[in-house]
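Enquirer: Take a look at the following structure, please.
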Number of protein chains: 4
Amino acid sequence: MGLKLKMGMVGGGQGAFIGAVHRMAARLDGGVEFVAGALSSTPERAVASGRELGLSDRRNYGSWEAMLEGERALPDGERIDFVSIVTPNHVHFPVARAFVDAGFNVVLDKPMVHTSEQAAELGALVEQRNVVFCVTYNYSGYPLVKQAREIVRSGEIGDVRKVVVEYNQGWLADRLEATGQKQADWRTDPARSGLGGAIGDIGSHCEQLVSYVTGLELHGLCADLTTFVPGRMLDDDANVLLRFRGGAKGILFASQVCVGNENDLRLRVWGTKGGVEWHQEDPNALVVRRLGKPEQVYRRGNEYLGDAAKRATRLPSGHPEAFIEAFANVYRAACEAVRSGAGAIGPARHDFPGVEDGARGVRFIERTVESSMSEQKWVTF
Amino acid sequence: MGLKLKMGMVGGGQGAFIGAVHRMAARLDGGVEFVAGALSSTPERAVASGRELGLSDRRNYGSWEAMLEGERALPDGERIDFVSIVTPNHVHFPVARAFVDAGFNVVLDKPMVHTSEQAAELGALVEQRNVVFCVTYNYSGYPLVKQAREIVRSGEIGDVRKVVVEYNQGWLADRLEATGQKQADWRTDPARSGLGGAIGDIGSHCEQLVSYVTGLELHGLCADLTTFVPGRMLDDDANVLLRFRGGAKGILFASQVCVGNENDLRLRVWGTKGGVEWHQEDPNALVVRRLGKPEQVYRRGNEYLGDAAKRATRLPSGHPEAFIEAFANVYRAACEAVRSGAGAIGPARHDFPGVEDGARGVRFIERTVESSMSEQKWVTF
Amino acid sequence: MGLKLKMGMVGGGQGAFIGAVHRMAARLDGGVEFVAGALSSTPERAVASGRELGLSDRRNYGSWEAMLEGERALPDGERIDFVSIVTPNHVHFPVARAFVDAGFNVVLDKPMVHTSEQAAELGALVEQRNVVFCVTYNYSGYPLVKQAREIVRSGEIGDVRKVVVEYNQGWLADRLEATGQKQADWRTDPARSGLGGAIGDIGSHCEQLVSYVTGLELHGLCADLTTFVPGRMLDDDANVLLRFRGGAKGILFASQVCVGNENDLRLRVWGTKGGVEWHQEDPNALVVRRLGKPEQVYRRGNEYLGDAAKRATRLPSGHPEAFIEAFANVYRAACEAVRSGAGAIGPARHDFPGVEDGARGVRFIERTVESSMSEQKWVTF
Amino acid sequence: MGLKLKMGMVGGGQGAFIGAVHRMAARLDGGVEFVAGALSSTPERAVASGRELGLSDRRNYGSWEAMLEGERALPDGERIDFVSIVTPNHVHFPVARAFVDAGFNVVLDKPMVHTSEQAAELGALVEQRNVVFCVTYNYSGYPLVKQAREIVRSGEIGDVRKVVVEYNQGWLADRLEATGQKQADWRTDPARSGLGGAIGDIGSHCEQLVSYVTGLELHGLCADLTTFVPGRMLDDDANVLLRFRGGAKGILFASQVCVGNENDLRLRVWGTKGGVEWHQEDPNALVVRRLGKPEQVYRRGNEYLGDAAKRATRLPSGHPEAFIEAFANVYRAACEAVRSGAGAIGPARHDFPGVEDGARGVRFIERTVESSMSEQKWVTF
């Protein structure tokens with residue numbers, strides 16, 4: 001493997017959103033070269049998209065099956081080092097399974113797959129094939145989320161008592177899917193999106209953020225999912241009570257019908273001695289509170305931060321970093337794992353979410369839906 | 001009745017907090033004269049407190065019973081026009097009942113009483129004696145809360161879908177009651193505070209704020225109350241899912257163990273066409289969001305505001321008003337009702353919370369506690 | 001002198017703004033009784049205003065001269081303890097001089113008088129008659145301004161290098177005075193307002209705030225005053241460079257044509273080891289920065305604050321205080337001086353602005369105008 | 001010229017800051033390939049740096065002269081399409097002149113050169129050789145700065161009356177250059193940095209931001225530059241009064257000794273009908289104020305924004321973009337000019353700062369220094 005890793009991509013062609021983000025994130029540090037793709041489920045669109053993006057004709061595939069075959073056939077050193085899978089959710093499982101099975105390292109968008117059975121199968125296969133497997137829960141890539149994690153896990157705020165995590169969007173407040181808007185279309189379709197609407201698309205980020213920062217294990221939950229927009233088939237609003245092992249309590253709410261809110265993900269954690277608060281739309285600040293002391297605002301890029309936050313930073317303080325850089329931090333860590341040959345233990349050695357995080361996220365979606373469908377009763381996690 | 005109303009007070013002596021606030025609020029507009037008091041349950045302390053505050057010896061009573069008797073005996077025009085009851089919660093009911101029964105107008109702190117039975121009895125008596133009865137849910141006195149109400153109720157943001165109301169305090173994160181601190185002492189004692197800890201003390205403000213702004217009727221709730229501080233007998237943390245008639249959903253959370261948070265009461269309401277957001281610690285601003293438009297920030301004191309917000313304002317824009325002025329707005333409205341002889345229909349004609357709001361608040365505490373004690377199940381409201 | 005001080009007022013009748021603020025501020029703590037007034041320069045309006053406010057006919061005077069005479073004739077114990085003068089600026093001097101000369105304590109709005117000669121005369125008279133004399137630079141009454149003062153003066157942020165003070169309003173962006181609006185009318189009239197427009201009305205607050213917080217002495221300044229609104233006779237915008245003894249530099253800008261800004265007074269001070277930042281529209285927070293440390297936000301009502309900030313506070317943290325309370329702090333301190341019989345040394349013993357601060361403010365207006373008129377050259381202060 | 005432009009770089013090797021930013025910015029959109037460099041003035045360090053960054057040995061030059069010669073010798077299609085010059089300031093002129101003279105397109109960091117004579121010579125040469133010449137005033141690359149420009153220039157806020165631009169940093173509050181820190185070292189050295197310290201390094205950004213947003217032409221200025229840190233040879237603090245043709249006034253202040261401030265660049269512009277406010281550390285929001293209307297907050301990524309802001313955006317609303325993306329917008333526009341063969345009229349056709357902006361910036365530095373050295377008198381611009 002040379003200095004630059006060779007990336008392939010499945011999905012992310014014309015009309016897609018997250019594919020372009022993955023490419024920018026991968027490219028940002030100059031360590032990844034985008035060399036192959038099957039960018040759409042429609043062969044013509046796949047090829048047209050690849051041309052636009054400058055893929056060579058030879059590696060601009062019409063389908064992911066062709067790409068898998070083509071890349072396998074290439075000699076070591078030319079073949080892709082990893083594949084990024086950025087399709088709608090329902091395609092995640094077959095593609096990820098096939099690439100992992102063929103020994104490729106995989107970067108996969110969240111939520112990982114549709115069911116816990118698929119997650120288990122994939123997990124076992126990752127282990128067996130010993131590949132690097134990364135699920136792009138990108139919000140944990142933010143430097144100050146890493147700082148929050150360090151503060152909470154080091155015990156600085158004492159034992160965690162309460163967590164509030166919320167994610168308020170408004171873009172699906174109307175029936176956008178009826179207009180043919182591609183993002184809205186598949187995300188509101190159970191066949192492609194899976195069991196969860198808002199709870200799957202953004203609630204899953206909340207779950208992972210809490211887990212990443214606090215290390216708390218979810219023990220039970222009680223969910224009230226709602227579909228507010230008439231004609232929609234999946235929830236567009238989710239309110240969930242949480243209980244963690246050890247006694248901490250929490251609230252998670254996620255909605256896509258909060259008119260005027262954009263991408264309002266917030267995390268608050270309180271312990272016996274203090275609290276932390278972070279807001280994705282103002283990501284360069286972390287509010288830290290301590291018993292009897294003035295509130296502190298930690299800012300990215302400063303010497304007083306911990307190692308994880310510092311490593312995840314590219315610019316001096318006051319020169320704001322944002323979404324793409326956080327996403328790039330996930331890529332950078334996964335690429336380090338690929339370069340170092342860490343295989344299945346990549347996430348444990350480097351700092352990125354892996355197949356276990358993905359599996360937990362799938363289970364979270366299943367259990368919230370189950371709770372909500374069972375008269376919003378409490379279910380154990 | 002002359003220009004200045006004569007106010008009596010029960011409770012609010014040395015060591016109390018809210019009594020002084022009531023006095024400042026009553027005094028602010030110059031229309032109220034504080035003339036009589038039974039300021040403590042301990043006669044000596046009552047009298048000492050009254051002296052400090054400049055009460056004449058004659059009307060500086062050692063007990064509320066003595067005050068009731070003394071004031072009744074005074075001729076019309078000299079007798080108090082209303083009594084403010086600012087004792088710990090368990091004293092609310094007997095005192096309020098006795099004064100109402102004797103035909104006095106009453107201003108009472110929240111939560112109104114301990115049980116729905118007491119609330120019903122009090123409600124009937126208020127009707128029968130036709131007195132002005134005000135419960136000081138002071139947060140609805142803020143001008144921009146009134147503006148939020150106008151925006152929501154006028155349909156400007158469409159049909160309400162979702163409400164998030166929260167109230168985060170940290171002052172009881174440790175076992176402050178063990179130090180003898182008076183406020184902490186009675187508020188954590190079921191005998192004096194009632195069934196609810198945090199849910200009663202501050203959760204009840206949340207319930208009223210939602211009701212005041214949206215007019216939504218609560219239909220069901222599912223509550224998870226927790227006592228985090230060892231040795232405490234009441235909840236110090238509450239997480240509640242809400243359902244309203246007509247289909248709106250909500251979340252209410254209130255805590256007194258959020259280390260570093262002060263008096264962090266926030267309300268967010270989203271409808272089909274927009275949303276509003278208000279924060280008690282930054283009370284001169286109201287964020288208003290509308291589909292496809294830039295976010296707006298309404299500020300107190302401006303011409304573009306509605307009548308209710310304007311009437312509740314004393315200073316030009318940019319000259320911030322705050323807690324005391326909002327409290328004074330409740331007093332001002334109740335005093336208008338007293339002056340106009342509105343009697344029991346005061347709250348309907350003037351803009352202040354009445355006995356029905358108080359009763360609904362008591363019921364809210366009962367039902368959340370019931371839900372939490374019944375394995376955190378849903379209960380109808 | 002009894003428990004309650006007796007206040008008289010000159011000015012502040014119908015159509016006035018600041019008079020009502022003075023009355024609320026005086027009343028807030030319950031230690032002042034408003035007993036006499038000459039509330040307008042028009043006798044009929046004066047009397048009508050006094051009736052509205054509940055003054056007894058006997059002490060509801062038609063002119064300040066009549067009031068002075070009437071109050072002098074009253075026996076000790078009945079006579080007013082101090083007079084608040086809240087007229088347009090041009091009336092300040094004759095009224096203040098006459099009352100001081102007659103031995104009355106005086107609370108006077110800013111700017112104190114029109115000229116340094118008047119200021120000197122008044123200063124001498126205050127000394128001679130040994131009365132309490134307070135100039136209501138109300139912004140220094142905010143608790144966190146007092147905290148900023150303590151932090152800066154204690155050396156916590158090292159030697160002060162730079163000060164930025166600004167005051168942006170927009171209410172005179174159009175020719176409001178042409179509509180007959182009373183506030184705009186006299187404030188833009190040199191005969192009544194004095195030499196300065198924006199620089200006098202609000203720039204003078206900036207000067208005092210810097211002086212109060214830092215203790216720095218102004219050494220030189222260079223001012224560019226502008227009248228933007230056609231037909232206006234006084235400046236409505238001021239940009240000033242400052243130099244302080246000892247080498248610190250500063251910028252002061254004040255404007256009344258900043259459309260959309262309300263009462264945007266901000267102070268920033270940086271020293272060799274840190275900085276402080278305060279904003280009047282968010283007055284319960286003080287940002288404190290220190291070399292190499294996370295930013296801190298001090299909030300009113302907390303134990304970690306200094307004595308001056310604590311004494312100037314009435315409510316627990318998170319229960320915001322604002323403009324009226326700050327104003328009331330000036331009154332409270334001046335009243336303490338009156339009660340303690342401090343006389344002319346009141347401001348030195350208690351914490352409020354006195355005749356020397358008023359004189360410095362007048363000089364500041366004169367010197368900025370002089371600089372601006374002399375081709376915006378530097379002048380020594 | 002193929003799809004990807006070939007970029008060379010002079011400067012930006014080990015220990016540099018801004019070179020890495022240029023490379024990330026150039027790389028972000030995938031349209032630029034970094035193929036050649038002379039990354040340090042020390043040949044060994046240049047070569048080591050190039051190796052680290054993956055340059056081929058053949059085009060990893062030991063000096064800019066060698067690079068110029070080497071690249072000239074390459075055939076069209078292989079030769080670099082443009083060179084980015086990211087050295088300390090004193091090297092800008094000779095390198096830029098030589099590359100322009102050889103017909104290369106140039107991207108150059110600010111301030112452009114040391115003197116107006118150099119600027120004029122460079123301007124003439126750019127014209128003569130008809131090359132694309134871009135000066136990376138990166139802050140004008142922010143989408144909401146472009147929106148501010150559109151709002152101001154369209155007349156939405158009326159005629160501009162007042163501008164306040166400020167840039168507060170604290171990183172040079174101590175004598176950092178004495179520690180050998182590379183950035184501090186050359187920036188405080190007149191031989192390398194030029195006449196201006198803070199005024200050159202960051203004040204020049206202020207000047208350009210005002211010019212870009214408002215189009216106002218500077219007419220006169222009065223500057224008070226200070227060197228606060230003992231032993232430093234250039235100003236580290238600048239306070240400047242501004243006058244524009246047509247009557248608008250302004251204030252510009254820039255400092256590198258504001259302890260605790262990071263990269264606090266703010267712009268406020270007020271006109272007869274409204275105002276705009278933008279803050280670099282919160283770059284996804286633009287506050288817009290209008291006479292008599294609620295304040296608005298425009299946020300990046302929304303449909304209601306103008307074309308320039310939309311084109312400069314890569315992510316949906318709420319997914320924050322920041323410093324690198326703004327920088328990349330300058331690169332993207334310059335690259336469009338290169339691709340379209342716009343030559344010297346690139347900046348007029350595409351949206352990026354050119355040699356005239358660079359020249360104006362140099363003149364601004366010269367005139368502020370001149371004013372400050374001449375007893376802080378007013379000078380015409």
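Within each chain, counting starts at residue 1; across the structure tokens, chains are named A, B, ... in the order shown, with ligands numbered 1 upward in that order.
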Taking the DSSP secondary structure from the backbone, can you list the residues of range 234-365 of chain B that are helix (DSSP H, G or I), as a ChimeraX atom specification?

Expert: /B:307-311,323-340,343-349,355-365

Enquirer: Export, as a tab-separated table (two decimals), in the first residue's frame, the selected residues with N, CA and C atoms.

Expert:
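That gives us part_12.tsv:
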chain	number	residue	atom	x	y	z
B	307	ASP	N	-50.51	43.34	21.40
B	307	ASP	CA	-50.99	44.13	22.53
B	307	ASP	C	-50.60	43.55	23.88
B	308	ALA	N	-50.76	42.25	24.03
B	308	ALA	CA	-50.50	41.65	25.34
B	308	ALA	C	-49.04	41.86	25.74
B	309	ALA	N	-48.13	41.66	24.78
B	309	ALA	CA	-46.71	41.86	25.07
B	309	ALA	C	-46.43	43.32	25.37
B	310	LYS	N	-47.08	44.20	24.65
B	310	LYS	CA	-46.84	45.63	24.89
B	310	LYS	C	-47.34	46.07	26.25
B	311	ARG	N	-48.52	45.62	26.61
B	311	ARG	CA	-49.08	46.02	27.91
B	311	ARG	C	-48.21	45.52	29.06
B	323	PHE	N	-37.04	39.00	35.62
B	323	PHE	CA	-37.88	38.19	36.50
B	323	PHE	C	-38.88	39.01	37.32
B	324	ILE	N	-38.40	40.06	37.95
B	324	ILE	CA	-39.29	40.82	38.84
B	324	ILE	C	-40.41	41.49	38.05
B	325	GLU	N	-40.07	42.03	36.89
B	325	GLU	CA	-41.09	42.67	36.08
B	325	GLU	C	-42.15	41.67	35.62
B	326	ALA	N	-41.71	40.44	35.27
B	326	ALA	CA	-42.68	39.43	34.86
B	326	ALA	C	-43.59	39.08	36.03
B	327	PHE	N	-42.99	38.93	37.18
B	327	PHE	CA	-43.77	38.66	38.39
B	327	PHE	C	-44.75	39.81	38.65
B	328	ALA	N	-44.25	41.02	38.45
B	328	ALA	CA	-45.09	42.19	38.68
B	328	ALA	C	-46.26	42.23	37.69
B	329	ASN	N	-46.08	41.64	36.53
B	329	ASN	CA	-47.18	41.62	35.57
B	329	ASN	C	-48.34	40.75	36.06
B	330	VAL	N	-48.00	39.67	36.75
B	330	VAL	CA	-49.05	38.85	37.34
B	330	VAL	C	-49.78	39.66	38.41
B	331	TYR	N	-49.01	40.32	39.23
B	331	TYR	CA	-49.62	41.17	40.27
B	331	TYR	C	-50.48	42.27	39.67
B	332	ARG	N	-49.96	42.90	38.65
B	332	ARG	CA	-50.67	44.03	38.06
B	332	ARG	C	-52.04	43.57	37.53
B	333	ALA	N	-52.03	42.42	36.86
B	333	ALA	CA	-53.29	41.92	36.30
B	333	ALA	C	-54.26	41.53	37.41
B	334	ALA	N	-53.75	40.86	38.43
B	334	ALA	CA	-54.62	40.48	39.54
B	334	ALA	C	-55.17	41.72	40.24
B	335	CYS	N	-54.33	42.74	40.38
B	335	CYS	CA	-54.77	43.97	41.04
B	335	CYS	C	-55.83	44.69	40.20
B	336	GLU	N	-55.66	44.64	38.89
B	336	GLU	CA	-56.71	45.21	38.02
B	336	GLU	C	-58.03	44.50	38.26
B	337	ALA	N	-57.95	43.19	38.40
B	337	ALA	CA	-59.17	42.41	38.66
B	337	ALA	C	-59.78	42.82	40.00
B	338	VAL	N	-58.92	43.01	40.99
B	338	VAL	CA	-59.43	43.44	42.30
B	338	VAL	C	-60.08	44.82	42.18
B	339	ARG	N	-59.38	45.73	41.53
B	339	ARG	CA	-59.92	47.10	41.40
B	339	ARG	C	-61.24	47.13	40.63
B	340	SER	N	-61.31	46.29	39.59
B	340	SER	CA	-62.51	46.31	38.75
B	340	SER	C	-63.62	45.47	39.35
B	343	GLY	N	-64.00	39.72	40.66
B	343	GLY	CA	-64.31	38.52	41.43
B	343	GLY	C	-63.79	37.27	40.77
B	344	ALA	N	-64.56	36.21	40.87
B	344	ALA	CA	-64.09	34.90	40.42
B	344	ALA	C	-63.78	34.84	38.93
B	345	ILE	N	-64.33	35.75	38.15
B	345	ILE	CA	-64.00	35.68	36.72
B	345	ILE	C	-62.80	36.55	36.37
B	346	GLY	N	-62.08	36.97	37.37
B	346	GLY	CA	-60.89	37.79	37.15
B	346	GLY	C	-59.93	37.21	36.10
B	347	PRO	N	-59.52	35.97	36.25
B	347	PRO	CA	-58.54	35.42	35.31
B	347	PRO	C	-59.06	35.39	33.87
B	348	ALA	N	-60.35	35.28	33.71
B	348	ALA	CA	-60.90	35.25	32.35
B	348	ALA	C	-60.88	36.63	31.71
B	349	ARG	N	-61.04	37.65	32.54
B	349	ARG	CA	-61.11	39.02	32.01
B	349	ARG	C	-59.75	39.69	31.95
B	355	VAL	N	-57.62	29.90	39.74
B	355	VAL	CA	-57.78	28.68	40.52
B	355	VAL	C	-57.87	27.44	39.62
B	356	GLU	N	-58.39	27.62	38.42
B	356	GLU	CA	-58.45	26.47	37.50
B	356	GLU	C	-57.06	26.06	37.03
B	357	ASP	N	-56.24	27.05	36.78
B	357	ASP	CA	-54.85	26.74	36.41
B	357	ASP	C	-54.15	26.04	37.58
B	358	GLY	N	-54.44	26.53	38.76
B	358	GLY	CA	-53.86	25.91	39.95
B	358	GLY	C	-54.31	24.47	40.09
B	359	ALA	N	-55.59	24.23	39.85
B	359	ALA	CA	-56.13	22.88	39.99
B	359	ALA	C	-55.53	21.94	38.94
B	360	ARG	N	-55.40	22.45	37.72
B	360	ARG	CA	-54.80	21.63	36.66
B	360	ARG	C	-53.36	21.27	37.01
B	361	GLY	N	-52.66	22.22	37.61
B	361	GLY	CA	-51.28	21.97	38.02
B	361	GLY	C	-51.17	20.90	39.10
B	362	VAL	N	-52.10	20.92	40.04
B	362	VAL	CA	-52.10	19.90	41.09
B	362	VAL	C	-52.35	18.52	40.48
B	363	ARG	N	-53.32	18.51	39.59
B	363	ARG	CA	-53.63	17.24	38.92
B	363	ARG	C	-52.42	16.74	38.12
B	364	PHE	N	-51.70	17.65	37.51
B	364	PHE	CA	-50.51	17.26	36.75
B	364	PHE	C	-49.49	16.58	37.66
B	365	ILE	N	-49.27	17.14	38.82
B	365	ILE	CA	-48.32	16.52	39.76
B	365	ILE	C	-48.81	15.14	40.17

Enquirer: Taking only C-alpha atoms into account, report as a PyMOL selection string which residues of chain C lie within 12 Å of chain A.

Expert: chain C and resi 285-305+317

Enquirer: Just the selected residues (N, CA and C atoms), exported as a PDB file, in the first residue's frame, please.

Expert:
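The new file selection.pdb reads:
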ATOM      1  N   ALA C 285     -24.432  38.096  32.559  1.00  0.00           N
ATOM      2  CA  ALA C 285     -23.240  37.313  32.223  1.00  0.00           C
ATOM      3  C   ALA C 285     -22.039  38.234  32.061  1.00  0.00           C
ATOM      4  N   LEU C 286     -20.912  37.746  32.470  1.00  0.00           N
ATOM      5  CA  LEU C 286     -19.651  38.469  32.269  1.00  0.00           C
ATOM      6  C   LEU C 286     -18.643  37.458  31.748  1.00  0.00           C
ATOM      7  N   VAL C 287     -18.119  37.714  30.565  1.00  0.00           N
ATOM      8  CA  VAL C 287     -17.124  36.802  29.996  1.00  0.00           C
ATOM      9  C   VAL C 287     -15.737  37.201  30.502  1.00  0.00           C
ATOM     10  N   VAL C 288     -15.026  36.223  31.015  1.00  0.00           N
ATOM     11  CA  VAL C 288     -13.679  36.483  31.527  1.00  0.00           C
ATOM     12  C   VAL C 288     -12.716  35.544  30.807  1.00  0.00           C
ATOM     13  N   ARG C 289     -11.674  36.134  30.263  1.00  0.00           N
ATOM     14  CA  ARG C 289     -10.694  35.329  29.529  1.00  0.00           C
ATOM     15  C   ARG C 289      -9.340  35.464  30.208  1.00  0.00           C
ATOM     16  N   ARG C 290      -8.612  34.365  30.228  1.00  0.00           N
ATOM     17  CA  ARG C 290      -7.283  34.367  30.845  1.00  0.00           C
ATOM     18  C   ARG C 290      -6.334  33.604  29.936  1.00  0.00           C
ATOM     19  N   LEU C 291      -5.110  34.062  29.915  1.00  0.00           N
ATOM     20  CA  LEU C 291      -4.065  33.447  29.088  1.00  0.00           C
ATOM     21  C   LEU C 291      -4.069  31.919  29.215  1.00  0.00           C
ATOM     22  N   GLY C 292      -4.312  31.244  28.120  1.00  0.00           N
ATOM     23  CA  GLY C 292      -4.136  29.798  28.096  1.00  0.00           C
ATOM     24  C   GLY C 292      -5.198  28.998  28.816  1.00  0.00           C
ATOM     25  N   LYS C 293      -6.259  29.635  29.265  1.00  0.00           N
ATOM     26  CA  LYS C 293      -7.332  28.937  29.982  1.00  0.00           C
ATOM     27  C   LYS C 293      -8.623  28.997  29.175  1.00  0.00           C
ATOM     28  N   PRO C 294      -9.525  28.037  29.441  1.00  0.00           N
ATOM     29  CA  PRO C 294     -10.832  28.153  28.782  1.00  0.00           C
ATOM     30  C   PRO C 294     -11.541  29.422  29.239  1.00  0.00           C
ATOM     31  N   GLU C 295     -12.266  29.992  28.315  1.00  0.00           N
ATOM     32  CA  GLU C 295     -13.094  31.158  28.612  1.00  0.00           C
ATOM     33  C   GLU C 295     -14.051  30.835  29.754  1.00  0.00           C
ATOM     34  N   GLN C 296     -14.288  31.817  30.633  1.00  0.00           N
ATOM     35  CA  GLN C 296     -15.251  31.623  31.714  1.00  0.00           C
ATOM     36  C   GLN C 296     -16.425  32.569  31.552  1.00  0.00           C
ATOM     37  N   VAL C 297     -17.569  32.110  31.954  1.00  0.00           N
ATOM     38  CA  VAL C 297     -18.735  32.987  31.983  1.00  0.00           C
ATOM     39  C   VAL C 297     -19.225  33.080  33.426  1.00  0.00           C
ATOM     40  N   TYR C 298     -19.004  34.252  34.009  1.00  0.00           N
ATOM     41  CA  TYR C 298     -19.514  34.508  35.350  1.00  0.00           C
ATOM     42  C   TYR C 298     -20.982  34.875  35.230  1.00  0.00           C
ATOM     43  N   ARG C 299     -21.800  34.336  36.115  1.00  0.00           N
ATOM     44  CA  ARG C 299     -23.221  34.693  36.094  1.00  0.00           C
ATOM     45  C   ARG C 299     -23.648  35.258  37.451  1.00  0.00           C
ATOM     46  N   ARG C 300     -24.500  36.244  37.366  1.00  0.00           N
ATOM     47  CA  ARG C 300     -25.001  36.915  38.554  1.00  0.00           C
ATOM     48  C   ARG C 300     -25.633  35.921  39.538  1.00  0.00           C
ATOM     49  N   GLY C 301     -25.470  36.186  40.816  1.00  0.00           N
ATOM     50  CA  GLY C 301     -26.184  35.411  41.823  1.00  0.00           C
ATOM     51  C   GLY C 301     -25.413  34.214  42.337  1.00  0.00           C
ATOM     52  N   ASN C 302     -24.159  34.073  41.955  1.00  0.00           N
ATOM     53  CA  ASN C 302     -23.383  32.922  42.384  1.00  0.00           C
ATOM     54  C   ASN C 302     -22.406  33.257  43.504  1.00  0.00           C
ATOM     55  N   GLU C 303     -22.115  32.232  44.266  1.00  0.00           N
ATOM     56  CA  GLU C 303     -21.224  32.348  45.419  1.00  0.00           C
ATOM     57  C   GLU C 303     -19.819  32.797  45.054  1.00  0.00           C
ATOM     58  N   TYR C 304     -19.385  32.446  43.851  1.00  0.00           N
ATOM     59  CA  TYR C 304     -17.992  32.737  43.485  1.00  0.00           C
ATOM     60  C   TYR C 304     -17.768  34.212  43.182  1.00  0.00           C
ATOM     61  N   LEU C 305     -18.814  35.006  43.172  1.00  0.00           N
ATOM     62  CA  LEU C 305     -18.649  36.432  42.862  1.00  0.00           C
ATOM     63  C   LEU C 305     -18.121  37.212  44.059  1.00  0.00           C
ATOM     64  N   SER C 317     -29.321  33.083  41.342  1.00  0.00           N
ATOM     65  CA  SER C 317     -28.806  32.929  39.983  1.00  0.00           C
ATOM     66  C   SER C 317     -29.876  32.342  39.074  1.00  0.00           C
TER      67      SER C 317
END

Enquirer: Can you pull out every residue within 6 Å of Val106 in chain D, counting only C-alpha atoms, but drop anything in the same chain fewer than 2 positions away, and send it as a list in words?

Expert: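 Everything that qualifies: Phe82, Val83, Ser84 and Phe133 of chain D.
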
Enquirer: Quick one, how far is CA of Leu176 in chain D from CA of Ser255 in chain D?

Expert: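 That distance, rounded to one decimal, is 14.9 Å.
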
Enquirer: Restrict the calculation to only C-alpha atoms, then for each residue of range 139-256 of chain D with any atom at most 8 Å from an atom of range 369-381 of chain D give the closest atom pair and their distance in Å to one decimal, rows by chain and rising residue number, as JSON lines.

Expert:
{"residue": "D:Leu195", "atom": "CA", "partner": "D:Val369", "partner_atom": "CA", "distance": 7.2}
{"residue": "D:Gly196", "atom": "CA", "partner": "D:Val369", "partner_atom": "CA", "distance": 7.0}
{"residue": "D:Leu218", "atom": "CA", "partner": "D:Phe381", "partner_atom": "CA", "distance": 6.2}
{"residue": "D:His219", "atom": "CA", "partner": "D:Phe381", "partner_atom": "CA", "distance": 5.0}
{"residue": "D:Gly220", "atom": "CA", "partner": "D:Thr380", "partner_atom": "CA", "distance": 4.1}
{"residue": "D:Leu221", "atom": "CA", "partner": "D:Trp378", "partner_atom": "CA", "distance": 5.3}
{"residue": "D:Cys222", "atom": "CA", "partner": "D:Trp378", "partner_atom": "CA", "distance": 4.3}
{"residue": "D:Ala223", "atom": "CA", "partner": "D:Ser372", "partner_atom": "CA", "distance": 5.0}
{"residue": "D:Asp224", "atom": "CA", "partner": "D:Ser372", "partner_atom": "CA", "distance": 5.1}
{"residue": "D:Leu225", "atom": "CA", "partner": "D:Ser372", "partner_atom": "CA", "distance": 5.8}

Enquirer: Do you know which residues are at most 7 Å from Thr214 in chain C counting only C-alpha atoms, after dropping those on the same chain fewer than 4 positions away, and could you put them as a JSON list (two decimals) with C-alpha atoms, in the first residue's frame?

Expert:
[["chain", "number", "residue", "atom", "x", "y", "z"],
["C", 149, "ARG", "CA", -14.42, 46.34, 38.14],
["C", 152, "VAL", "CA", -9.79, 44.57, 36.56],
["C", 153, "ARG", "CA", -8.83, 46.62, 39.60],
["C", 210, "VAL", "CA", -14.71, 52.74, 31.41]]

Enquirer: Expressed in Å to a single decimal, how great is the separation between CA of Glu127 in chain B and CA of Glu71 in chain B?

Expert: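 Spanning CA of Glu127 in chain B to CA of Glu71 in chain B is a straight-line distance of 21.7 Å.
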
Enquirer: Can you list, as a ChimeraX atom specification, every protein, DNA or RNA residue that comes within 6 Å of range 4-14 of chain D when you count only C-alpha atoms, leaving out same-chain residues fewer than 2 positions away?

Expert: /D:2,16,19,31-40,49,80-87
